[in-house]
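S.K.: Structure supplied as target01.txt; contents: compact mmCIF, C-alpha atoms.
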```txt
# COMPACT_ATOMS: atom_id res chain seq x y z
CA MET A 1 0.00 0.00 0.00
CA LEU A 2 2.88 2.34 0.63
CA GLU A 3 3.57 1.56 -3.00
CA ALA A 4 0.62 3.60 -4.22
CA ILE A 5 2.09 6.59 -2.38
CA LEU A 6 5.69 6.00 -3.45
CA THR A 7 4.95 5.32 -7.13
CA ARG A 8 2.49 8.17 -7.67
CA ARG A 9 3.57 10.50 -10.47
CA SER A 10 1.83 13.26 -12.38
CA VAL A 11 0.28 11.74 -15.50
CA ARG A 12 -0.71 14.10 -18.31
CA ASN A 13 -1.09 11.72 -21.27
CA PHE A 14 -4.17 9.59 -21.29
CA ALA A 15 -5.32 6.70 -23.45
CA ARG A 16 -8.64 6.99 -25.30
CA ARG A 17 -10.51 4.95 -22.77
CA GLU A 18 -13.32 5.89 -20.43
CA VAL A 19 -13.24 5.98 -16.65
CA GLY A 20 -16.51 4.60 -15.32
CA GLY A 21 -18.83 6.18 -12.83
CA GLU A 22 -18.13 3.56 -10.17
CA THR A 23 -14.42 4.25 -10.40
CA VAL A 24 -15.03 7.97 -10.00
CA GLU A 25 -17.13 7.18 -6.95
CA GLU A 26 -14.24 5.21 -5.45
CA LEU A 27 -11.97 8.19 -6.01
CA LEU A 28 -14.46 10.48 -4.31
CA LYS A 29 -14.83 8.09 -1.38
CA ALA A 30 -11.07 8.28 -0.93
CA ALA A 31 -11.14 12.07 -1.19
CA MET A 32 -13.89 12.37 1.43
CA SER A 33 -11.94 10.09 3.79
CA ALA A 34 -9.40 12.85 4.33
CA PRO A 35 -9.10 14.38 7.78
CA SER A 36 -10.20 17.98 8.24
CA ALA A 37 -9.86 20.57 10.97
CA GLY A 38 -12.61 19.93 13.50
CA ASN A 39 -13.95 17.37 11.02
CA GLU A 40 -15.42 20.30 9.08
CA GLN A 41 -15.26 18.46 5.72
CA PRO A 42 -15.37 21.76 3.85
CA TRP A 43 -15.31 20.21 0.38
CA GLU A 44 -17.53 19.82 -2.66
CA PHE A 45 -16.66 18.04 -5.91
CA VAL A 46 -17.63 18.66 -9.51
CA VAL A 47 -17.18 15.68 -11.81
CA LEU A 48 -16.39 17.08 -15.24
CA ARG A 49 -17.03 14.99 -18.34
CA ASP A 50 -18.71 17.47 -20.63
CA ARG A 51 -16.21 18.20 -23.41
CA PRO A 52 -17.13 21.89 -24.02
CA THR A 53 -16.88 22.53 -20.26
CA LEU A 54 -13.46 20.87 -20.04
CA ASP A 55 -12.32 22.85 -23.08
CA ARG A 56 -13.47 26.12 -21.53
CA ILE A 57 -11.50 25.33 -18.37
CA ALA A 58 -8.45 24.47 -20.49
CA ASP A 59 -8.83 27.92 -22.06
CA VAL A 60 -8.40 29.61 -18.68
CA HIS A 61 -5.77 27.34 -17.12
CA ALA A 62 -2.21 27.78 -18.37
CA TYR A 63 -1.22 24.24 -17.38
CA GLY A 64 -4.53 22.58 -18.20
CA GLN A 65 -4.10 21.48 -21.81
CA MET A 66 -4.56 17.80 -20.91
CA LEU A 67 -8.15 18.69 -19.97
CA ARG A 68 -8.91 18.67 -23.70
CA HIS A 69 -8.10 14.95 -23.82
CA CYS A 70 -8.76 13.44 -20.39
CA PRO A 71 -11.92 11.36 -20.01
CA VAL A 72 -12.82 12.94 -16.68
CA ALA A 73 -11.61 15.64 -14.32
CA ILE A 74 -12.62 16.34 -10.76
CA LEU A 75 -12.83 19.87 -9.48
CA VAL A 76 -12.26 20.01 -5.72
CA CYS A 77 -13.90 23.07 -4.17
CA GLY A 78 -13.83 24.60 -0.72
CA ASP A 79 -17.06 25.75 0.89
CA PHE A 80 -16.59 28.82 3.07
CA ASN A 81 -19.90 28.12 4.79
CA ARG A 82 -18.56 24.89 6.23
CA GLN A 83 -15.39 26.43 7.61
CA LYS A 84 -15.04 26.10 11.39
CA TYR A 85 -11.38 27.04 11.83
CA GLU A 86 -10.32 29.96 9.67
CA GLY A 87 -7.87 29.15 6.93
CA PHE A 88 -7.75 25.40 7.51
CA TRP A 89 -10.09 24.62 4.60
CA ILE A 90 -7.06 24.94 2.30
CA GLN A 91 -5.24 22.13 4.09
CA ASP A 92 -8.40 20.03 4.24
CA CYS A 93 -8.99 20.35 0.50
CA ALA A 94 -5.33 19.61 -0.21
CA ALA A 95 -5.55 16.40 1.85
CA ALA A 96 -8.68 15.39 -0.06
CA THR A 97 -6.93 16.10 -3.37
CA GLU A 98 -3.91 14.03 -2.34
CA ASN A 99 -6.17 11.11 -1.36
CA LEU A 100 -7.75 11.31 -4.79
CA LEU A 101 -4.35 11.12 -6.49
CA ILE A 102 -3.15 8.16 -4.44
CA ALA A 103 -6.44 6.34 -4.97
CA ALA A 104 -6.16 6.89 -8.73
CA ASN A 105 -2.67 5.39 -8.73
CA ALA A 106 -3.84 2.47 -6.58
CA LEU A 107 -6.55 1.77 -9.16
CA GLY A 108 -4.06 1.81 -12.03
CA LEU A 109 -5.19 5.20 -13.27
CA GLY A 110 -3.09 8.27 -13.91
CA ALA A 111 -3.85 11.73 -12.60
CA VAL A 112 -2.40 15.20 -12.28
CA TRP A 113 -3.10 17.95 -9.73
CA LEU A 114 -3.67 21.34 -11.32
CA GLY A 115 -3.46 24.28 -8.95
CA VAL A 116 -6.39 26.67 -8.95
CA TYR A 117 -6.61 28.51 -5.61
CA PRO A 118 -5.04 30.97 -4.63
CA ILE A 119 -4.73 32.27 -8.20
CA GLU A 120 -7.69 34.63 -8.28
CA GLU A 121 -8.21 34.71 -12.08
CA ARG A 122 -8.43 30.91 -12.20
CA VAL A 123 -10.76 30.77 -9.22
CA THR A 124 -13.15 33.33 -10.68
CA ALA A 125 -13.11 31.96 -14.22
CA ILE A 126 -13.68 28.35 -13.16
CA ARG A 127 -16.37 29.33 -10.67
CA GLY A 128 -18.17 30.98 -13.55
CA ILE A 129 -17.77 28.04 -15.90
CA VAL A 130 -19.27 25.54 -13.43
CA ALA A 131 -21.82 28.10 -12.21
CA ALA A 132 -20.87 27.70 -8.56
CA PRO A 133 -22.09 30.24 -5.99
CA GLU A 134 -19.81 32.88 -4.44
CA GLU A 135 -19.06 30.96 -1.25
CA ILE A 136 -17.65 28.06 -3.24
CA VAL A 137 -13.94 28.33 -4.04
CA PRO A 138 -12.57 26.18 -6.86
CA PHE A 139 -9.43 24.84 -5.18
CA SER A 140 -7.78 22.20 -7.36
CA LEU A 141 -8.51 20.27 -10.48
CA VAL A 142 -7.52 16.64 -10.97
CA ALA A 143 -7.44 15.28 -14.53
CA VAL A 144 -7.88 11.50 -14.51
CA GLY A 145 -7.51 8.79 -17.12
CA HIS A 146 -5.73 5.63 -18.11
CA PRO A 147 -2.04 6.41 -18.48
CA VAL A 148 -0.50 5.92 -21.91
CA GLN A 149 2.55 4.70 -20.06
CA ALA A 150 3.35 4.46 -16.38
CA PRO A 151 6.14 6.90 -15.56
CA PRO A 152 8.92 5.54 -13.32
CA PRO A 153 8.68 6.48 -9.63
CA ALA A 154 10.36 9.76 -8.71
CA GLU A 155 13.05 9.55 -6.08
CA ARG A 156 12.35 12.57 -3.92
CA PHE A 157 13.63 11.27 -0.60
CA ASP A 158 16.20 13.73 0.71
CA ARG A 159 17.83 13.02 4.04
CA THR A 160 19.00 16.63 4.39
CA ARG A 161 15.37 17.65 4.96
CA ILE A 162 15.22 15.66 8.21
CA HIS A 163 16.15 17.21 11.55
CA ASN A 164 16.18 15.54 14.93
CA ASP A 165 14.47 17.27 17.85
CA ARG A 166 15.75 20.67 16.79
CA TRP A 167 17.21 22.55 13.89
CA MET B 1 -4.50 -0.20 -0.90
CA LEU B 2 -7.52 2.04 -0.97
CA GLU B 3 -8.10 0.48 2.43
CA ALA B 4 -5.29 2.49 4.05
CA ILE B 5 -7.03 5.66 2.86
CA LEU B 6 -10.55 4.56 3.76
CA THR B 7 -9.74 3.20 7.23
CA ARG B 8 -7.50 6.08 8.35
CA ARG B 9 -8.73 7.68 11.57
CA SER B 10 -7.22 10.12 14.01
CA VAL B 11 -5.53 8.12 16.77
CA ARG B 12 -4.71 9.93 20.01
CA ASN B 13 -4.11 7.03 22.41
CA PHE B 14 -0.85 5.22 22.02
CA ALA B 15 0.55 2.03 23.57
CA ARG B 16 3.85 2.22 25.46
CA ARG B 17 5.86 0.90 22.58
CA GLU B 18 8.56 2.53 20.51
CA VAL B 19 8.43 3.39 16.83
CA GLY B 20 11.81 2.58 15.27
CA GLY B 21 13.96 4.84 13.17
CA GLU B 22 13.45 2.78 10.03
CA THR B 23 9.71 3.09 10.37
CA VAL B 24 9.99 6.85 10.74
CA GLU B 25 12.13 6.90 7.62
CA GLU B 26 9.40 5.03 5.72
CA LEU B 27 6.89 7.63 6.87
CA LEU B 28 9.16 10.43 5.68
CA LYS B 29 9.69 8.74 2.33
CA ALA B 30 5.93 8.69 1.91
CA ALA B 31 5.69 12.35 2.94
CA MET B 32 8.38 13.42 0.47
CA SER B 33 6.61 11.52 -2.34
CA ALA B 34 3.85 14.11 -2.33
CA PRO B 35 3.39 16.28 -5.38
CA SER B 36 4.18 19.98 -5.08
CA ALA B 37 3.60 23.04 -7.22
CA GLY B 38 6.37 23.16 -9.82
CA ASN B 39 7.95 20.26 -7.90
CA GLU B 40 9.17 22.85 -5.38
CA GLN B 41 9.21 20.33 -2.48
CA PRO B 42 9.05 23.18 0.03
CA TRP B 43 9.15 20.95 3.11
CA GLU B 44 11.42 20.13 6.03
CA PHE B 45 10.73 17.66 8.83
CA VAL B 46 11.69 17.60 12.49
CA VAL B 47 11.50 14.18 14.12
CA LEU B 48 10.63 14.78 17.76
CA ARG B 49 11.48 12.15 20.37
CA ASP B 50 12.96 14.24 23.14
CA ARG B 51 10.43 14.17 25.98
CA PRO B 52 11.05 17.71 27.33
CA THR B 53 10.72 19.10 23.80
CA LEU B 54 7.45 17.24 23.21
CA ASP B 55 6.17 18.44 26.59
CA ARG B 56 7.03 22.05 25.74
CA ILE B 57 5.11 21.76 22.49
CA ALA B 58 2.15 20.23 24.35
CA ASP B 59 2.26 23.30 26.61
CA VAL B 60 1.65 25.62 23.64
CA HIS B 61 -0.79 23.51 21.62
CA ALA B 62 -4.36 23.38 22.89
CA TYR B 63 -5.06 20.04 21.19
CA GLY B 64 -1.62 18.53 21.69
CA GLN B 65 -1.92 16.69 24.97
CA MET B 66 -1.14 13.33 23.34
CA LEU B 67 2.34 14.68 22.64
CA ARG B 68 3.11 13.96 26.30
CA HIS B 69 2.63 10.25 25.64
CA CYS B 70 3.39 9.53 21.98
CA PRO B 71 6.72 7.83 21.20
CA VAL B 72 7.44 10.15 18.29
CA ALA B 73 5.98 13.16 16.52
CA ILE B 74 6.90 14.66 13.19
CA LEU B 75 6.80 18.38 12.67
CA VAL B 76 6.18 19.25 9.02
CA CYS B 77 7.55 22.69 8.15
CA GLY B 78 7.32 24.89 5.09
CA ASP B 79 10.44 26.60 3.78
CA PHE B 80 9.70 30.02 2.28
CA ASN B 81 13.03 29.96 0.45
CA ARG B 82 11.95 27.00 -1.62
CA GLN B 83 8.65 28.52 -2.68
CA LYS B 84 8.29 28.96 -6.44
CA TYR B 85 4.56 29.65 -6.70
CA GLU B 86 3.29 31.96 -4.02
CA GLY B 87 0.95 30.40 -1.52
CA PHE B 88 1.12 26.86 -2.85
CA TRP B 89 3.55 25.70 -0.16
CA ILE B 90 0.53 25.27 2.15
CA GLN B 91 -1.08 22.75 -0.21
CA ASP B 92 2.25 21.00 -0.76
CA CYS B 93 2.85 20.59 2.97
CA ALA B 94 -0.73 19.42 3.49
CA ALA B 95 -0.27 16.74 0.81
CA ALA B 96 2.96 15.61 2.50
CA THR B 97 1.17 15.48 5.86
CA GLU B 98 -1.67 13.42 4.40
CA ASN B 99 0.80 10.96 2.86
CA LEU B 100 2.41 10.58 6.27
CA LEU B 101 -0.95 9.77 7.86
CA ILE B 102 -1.91 7.19 5.24
CA ALA B 103 1.51 5.59 5.42
CA ALA B 104 1.22 5.33 9.21
CA ASN B 105 -2.11 3.58 8.86
CA ALA B 106 -0.74 1.27 6.16
CA LEU B 107 2.05 0.27 8.58
CA GLY B 108 -0.42 -0.49 11.39
CA LEU B 109 0.44 2.67 13.30
CA GLY B 110 -1.90 5.36 14.53
CA ALA B 111 -1.44 9.05 13.97
CA VAL B 112 -3.17 12.37 14.36
CA TRP B 113 -2.73 15.65 12.43
CA LEU B 114 -2.44 18.66 14.69
CA GLY B 115 -2.92 22.01 12.98
CA VAL B 116 -0.19 24.59 13.52
CA TYR B 117 -0.15 27.09 10.61
CA PRO B 118 -1.93 29.56 10.14
CA ILE B 119 -2.32 30.05 13.90
CA GLU B 120 0.42 32.59 14.48
CA GLU B 121 0.98 31.93 18.22
CA ARG B 122 1.50 28.22 17.57
CA VAL B 123 3.82 28.88 14.64
CA THR B 124 6.00 31.29 16.61
CA ALA B 125 6.11 29.22 19.79
CA ILE B 126 6.98 25.97 18.03
CA ARG B 127 9.54 27.65 15.79
CA GLY B 128 11.23 28.82 18.98
CA ILE B 129 11.10 25.42 20.67
CA VAL B 130 12.78 23.64 17.77
CA ALA B 131 15.12 26.59 17.11
CA ALA B 132 14.15 26.88 13.44
CA PRO B 133 15.12 29.99 11.46
CA GLU B 134 12.62 32.70 10.48
CA GLU B 135 11.99 31.41 6.93
CA ILE B 136 10.86 28.05 8.30
CA VAL B 137 7.14 27.85 9.10
CA PRO B 138 5.99 25.05 11.40
CA PHE B 139 2.97 23.83 9.46
CA SER B 140 1.56 20.68 11.04
CA LEU B 141 2.47 18.21 13.70
CA VAL B 142 1.79 14.49 13.42
CA ALA B 143 1.87 12.42 16.62
CA VAL B 144 2.61 8.78 15.81
CA GLY B 145 2.49 5.57 17.82
CA HIS B 146 1.00 2.13 18.13
CA PRO B 147 -2.74 2.52 18.61
CA VAL B 148 -4.22 1.19 21.86
CA GLN B 149 -7.17 0.15 19.75
CA ALA B 150 -7.97 0.62 16.10
CA PRO B 151 -10.96 2.92 15.77
CA PRO B 152 -13.64 1.82 13.29
CA PRO B 153 -13.52 3.53 9.87
CA ALA B 154 -15.47 6.77 9.63
CA GLU B 155 -18.16 6.86 6.98
CA ARG B 156 -17.74 10.32 5.48
CA PHE B 157 -18.94 9.63 1.97
CA ASP B 158 -21.71 12.07 1.17
CA ARG B 159 -23.30 11.94 -2.24
CA THR B 160 -24.76 15.42 -1.84
CA ARG B 161 -21.24 16.84 -2.17
CA ILE B 162 -20.96 15.59 -5.76
CA HIS B 163 -22.03 17.71 -8.71
CA ASN B 164 -21.95 16.77 -12.36
CA ASP B 165 -20.43 19.20 -14.87
CA ARG B 166 -21.96 22.21 -13.14
CA TRP B 167 -23.57 23.30 -9.91
```
So that I can check it, write out the structure of this file as structure tokens.

M.R.:
Amino acid sequence: MLEAILTRRSVRNFARREVGGETVEELLKAAMSAPSAGNEQPWEFVVLRDRPTLDRIADVHAYGQMLRHCPVAILVCGDFNRQKYEGFWIQDCAAATENLLIAANALGLGAVWLGVYPIEERVTAIRGIVAAPEEIVPFSLVAVGHPVQAPPPAERFDRTRIHNDRW
Amino acid sequence: MLEAILTRRSVRNFARREVGGETVEELLKAAMSAPSAGNEQPWEFVVLRDRPTLDRIADVHAYGQMLRHCPVAILVCGDFNRQKYEGFWIQDCAAATENLLIAANALGLGAVWLGVYPIEERVTAIRGIVAAPEEIVPFSLVAVGHPVQAPPPAERFDRTRIHNDRW
């Protein structure tokens, strides 16, 4: 199981093959299993399959060109109305996004995390495209599909980042 | 593998049993496997085992009483000097923290995520305790140990949080 964490890479090239609704539901179950400050669960998810909608988002996201080709993308949003501890919704939504990515890898899918928040132009444009209300903040976008090829694991472990008891 | 995500719970009661250095290294490998904006990897980790240090942190963290009893805690810090995309270090460090929690569960350990940033008093106090420089931001604290009992999985899946293509 550690493997799904250690072998996760950003995947941006997807095969022409669908990702079924049950699979998406598994990904969302994983996302909603994330911890959150005071268990606030300040998240909402938009499952994006509509091609014109994905294309419009690609138009406003500099790094989002794979949205034109991925079978499905999941927009993770924060909900200000559910926030109990100020500012922690960002961490909560990031944990949910990370769960989604690991779950995708565990299921043999590929995925990539596209940053949305805190870049205001992206937030506003995407909120408009999905017609979300003002209190909803588009936070991250995860493009999902079957990888054309599995990239080799990255080796990011760096012992110099570890300190013991104090700096 | 999805199981380690779906069964993860916050664990605050730990058995009197050590967590070895190799296990901690596995947790940190998982943490450093997280994605980050522009692959900036803006994280540093302080492995806390020293009892007086853990007690001092418990003194300044309202929800940190388990630090007095856990065998080890890992302080995840952000490094402003490594930041490429402004503001994204928070999401990067949250993803690393979430990886750490899932890895702990996968290894049969229990863990709990204690929020530090953006609560300024906690950030400043903990930075002082571990003697970290100004550009280092204590972000989260993960207490780790062997669970006294494994809590049942939470059922957080909520279909009302899912939207299709638009709100």

S.K.: Select all residues near (-8.3, 8.4, 12.3) (cut-off 9 Å, inclusive, file coordinates), counting all atoms listed in the file, and output them as a PyMOL selection string.

M.R.: (chain A and resi 35) or (chain B and resi 7-12+101+105+110-112+150-154)

S.K.: Quick one: write out the picked residues with C-alpha atoms as an mmCIF file, in the coordinates of the input?

M.R.:
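Saved to part_14.cif:
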```
data_model
loop_
_atom_site.group_PDB
_atom_site.id
_atom_site.type_symbol
_atom_site.label_atom_id
_atom_site.label_comp_id
_atom_site.auth_asym_id
_atom_site.auth_seq_id
_atom_site.Cartn_x
_atom_site.Cartn_y
_atom_site.Cartn_z
ATOM 1 C CA PRO A 35 -9.100 14.380 7.780
ATOM 2 C CA THR B 7 -9.740 3.200 7.230
ATOM 3 C CA ARG B 8 -7.500 6.080 8.350
ATOM 4 C CA ARG B 9 -8.730 7.680 11.570
ATOM 5 C CA SER B 10 -7.220 10.120 14.010
ATOM 6 C CA VAL B 11 -5.530 8.120 16.770
ATOM 7 C CA ARG B 12 -4.710 9.930 20.010
ATOM 8 C CA LEU B 101 -0.950 9.770 7.860
ATOM 9 C CA ASN B 105 -2.110 3.580 8.860
ATOM 10 C CA GLY B 110 -1.900 5.360 14.530
ATOM 11 C CA ALA B 111 -1.440 9.050 13.970
ATOM 12 C CA VAL B 112 -3.170 12.370 14.360
ATOM 13 C CA ALA B 150 -7.970 0.620 16.100
ATOM 14 C CA PRO B 151 -10.960 2.920 15.770
ATOM 15 C CA PRO B 152 -13.640 1.820 13.290
ATOM 16 C CA PRO B 153 -13.520 3.530 9.870
ATOM 17 C CA ALA B 154 -15.470 6.770 9.630
#
```

S.K.: For chain A against chain B, which residues fall within 7 Å using all atoms listed in the file, given as a PyMOL selection string?

M.R.: chain A and resi 1-2+5-6+29-30+32-33+44-50+87+90-91+94-95+98-99+103+106+118+130-132+156-157+161-167

S.K.: For the atom pair CA of Val72 (chain B) and CA of Glu120 (chain B), what is the interatomic distance in Å to one decimal place?

M.R.: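 So the answer is 23.8 Å.
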
S.K.: Hey, can I get the axis-aligned box for region 154-158 of chain A? All listed atoms, 8 Å padding on each side, centre and edge lengths in Å to one decimal, as AutoDock Vina command-line options.

M.R.:
```
--center_x 13.3 --center_y 11.6 --center_z -4.0 --size_x 21.8 --size_y 20.2 --size_z 25.4
```

S.K.: Write out as a PyMOL selection string which residues come within 10 Å of Cys70 (chain B) when counting all atoms listed in the file, dropping same-chain ones fewer than 4 positions away.

M.R.: chain B and resi 12-19+48-49+51+54+65-66+111+143-147

S.K.: Just the number, please: distance in Å from CA of Arg68 (chain A) to CA of Glu40 (chain B), one decimal.

M.R.: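 CA of Arg68 (chain A) sits 26.1 Å away from CA of Glu40 (chain B).
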
S.K.: As an exercise, work out the distance from CA of Val137 (chain A) to CA of Gln83 (chain A) in Å and give it to one decimal place.

M.R.: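 Value for the CA of Val137 (chain A)-CA of Gln83 (chain A) distance: 11.9 Å.
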
S.K.: Once N, CA and C atoms are restored for region 21-33 of chain B, what would the output be as a PDB file, in the frame of the given file?

M.R.:
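The new file part.pdb reads:
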```
ATOM      1  N   GLY B  21      13.450   3.856  14.120  1.00  0.00           N
ATOM      2  CA  GLY B  21      13.960   4.840  13.170  1.00  0.00           C
ATOM      3  C   GLY B  21      13.675   4.477  11.720  1.00  0.00           C
ATOM      4  N   GLU B  22      13.723   3.185  11.416  1.00  0.00           N
ATOM      5  CA  GLU B  22      13.450   2.780  10.030  1.00  0.00           C
ATOM      6  C   GLU B  22      11.996   3.031   9.660  1.00  0.00           C
ATOM      7  N   THR B  23      11.130   2.825  10.620  1.00  0.00           N
ATOM      8  CA  THR B  23       9.710   3.090  10.370  1.00  0.00           C
ATOM      9  C   THR B  23       9.489   4.578  10.125  1.00  0.00           C
ATOM     10  N   VAL B  24      10.124   5.396  10.935  1.00  0.00           N
ATOM     11  CA  VAL B  24       9.990   6.850  10.740  1.00  0.00           C
ATOM     12  C   VAL B  24      10.521   7.232   9.364  1.00  0.00           C
ATOM     13  N   GLU B  25      11.584   6.588   8.941  1.00  0.00           N
ATOM     14  CA  GLU B  25      12.130   6.900   7.620  1.00  0.00           C
ATOM     15  C   GLU B  25      11.133   6.513   6.510  1.00  0.00           C
ATOM     16  N   GLU B  26      10.433   5.402   6.707  1.00  0.00           N
ATOM     17  CA  GLU B  26       9.400   5.030   5.720  1.00  0.00           C
ATOM     18  C   GLU B  26       8.291   6.084   5.670  1.00  0.00           C
ATOM     19  N   LEU B  27       7.918   6.585   6.833  1.00  0.00           N
ATOM     20  CA  LEU B  27       6.890   7.630   6.870  1.00  0.00           C
ATOM     21  C   LEU B  27       7.366   8.878   6.127  1.00  0.00           C
ATOM     22  N   LEU B  28       8.628   9.212   6.320  1.00  0.00           N
ATOM     23  CA  LEU B  28       9.160  10.430   5.680  1.00  0.00           C
ATOM     24  C   LEU B  28       9.338  10.237   4.178  1.00  0.00           C
ATOM     25  N   LYS B  29       9.642   9.015   3.778  1.00  0.00           N
ATOM     26  CA  LYS B  29       9.690   8.740   2.330  1.00  0.00           C
ATOM     27  C   LYS B  29       8.324   8.965   1.711  1.00  0.00           C
ATOM     28  N   ALA B  30       7.300   8.486   2.397  1.00  0.00           N
ATOM     29  CA  ALA B  30       5.930   8.690   1.910  1.00  0.00           C
ATOM     30  C   ALA B  30       5.627  10.189   1.849  1.00  0.00           C
ATOM     31  N   ALA B  31       5.982  10.908   2.904  1.00  0.00           N
ATOM     32  CA  ALA B  31       5.690  12.350   2.940  1.00  0.00           C
ATOM     33  C   ALA B  31       6.370  13.063   1.774  1.00  0.00           C
ATOM     34  N   MET B  32       7.633  12.729   1.522  1.00  0.00           N
ATOM     35  CA  MET B  32       8.380  13.420   0.470  1.00  0.00           C
ATOM     36  C   MET B  32       7.994  12.953  -0.931  1.00  0.00           C
ATOM     37  N   SER B  33       7.131  11.948  -1.029  1.00  0.00           N
ATOM     38  CA  SER B  33       6.610  11.520  -2.340  1.00  0.00           C
ATOM     39  C   SER B  33       5.420  12.347  -2.780  1.00  0.00           C
TER      40      SER B  33
END
```
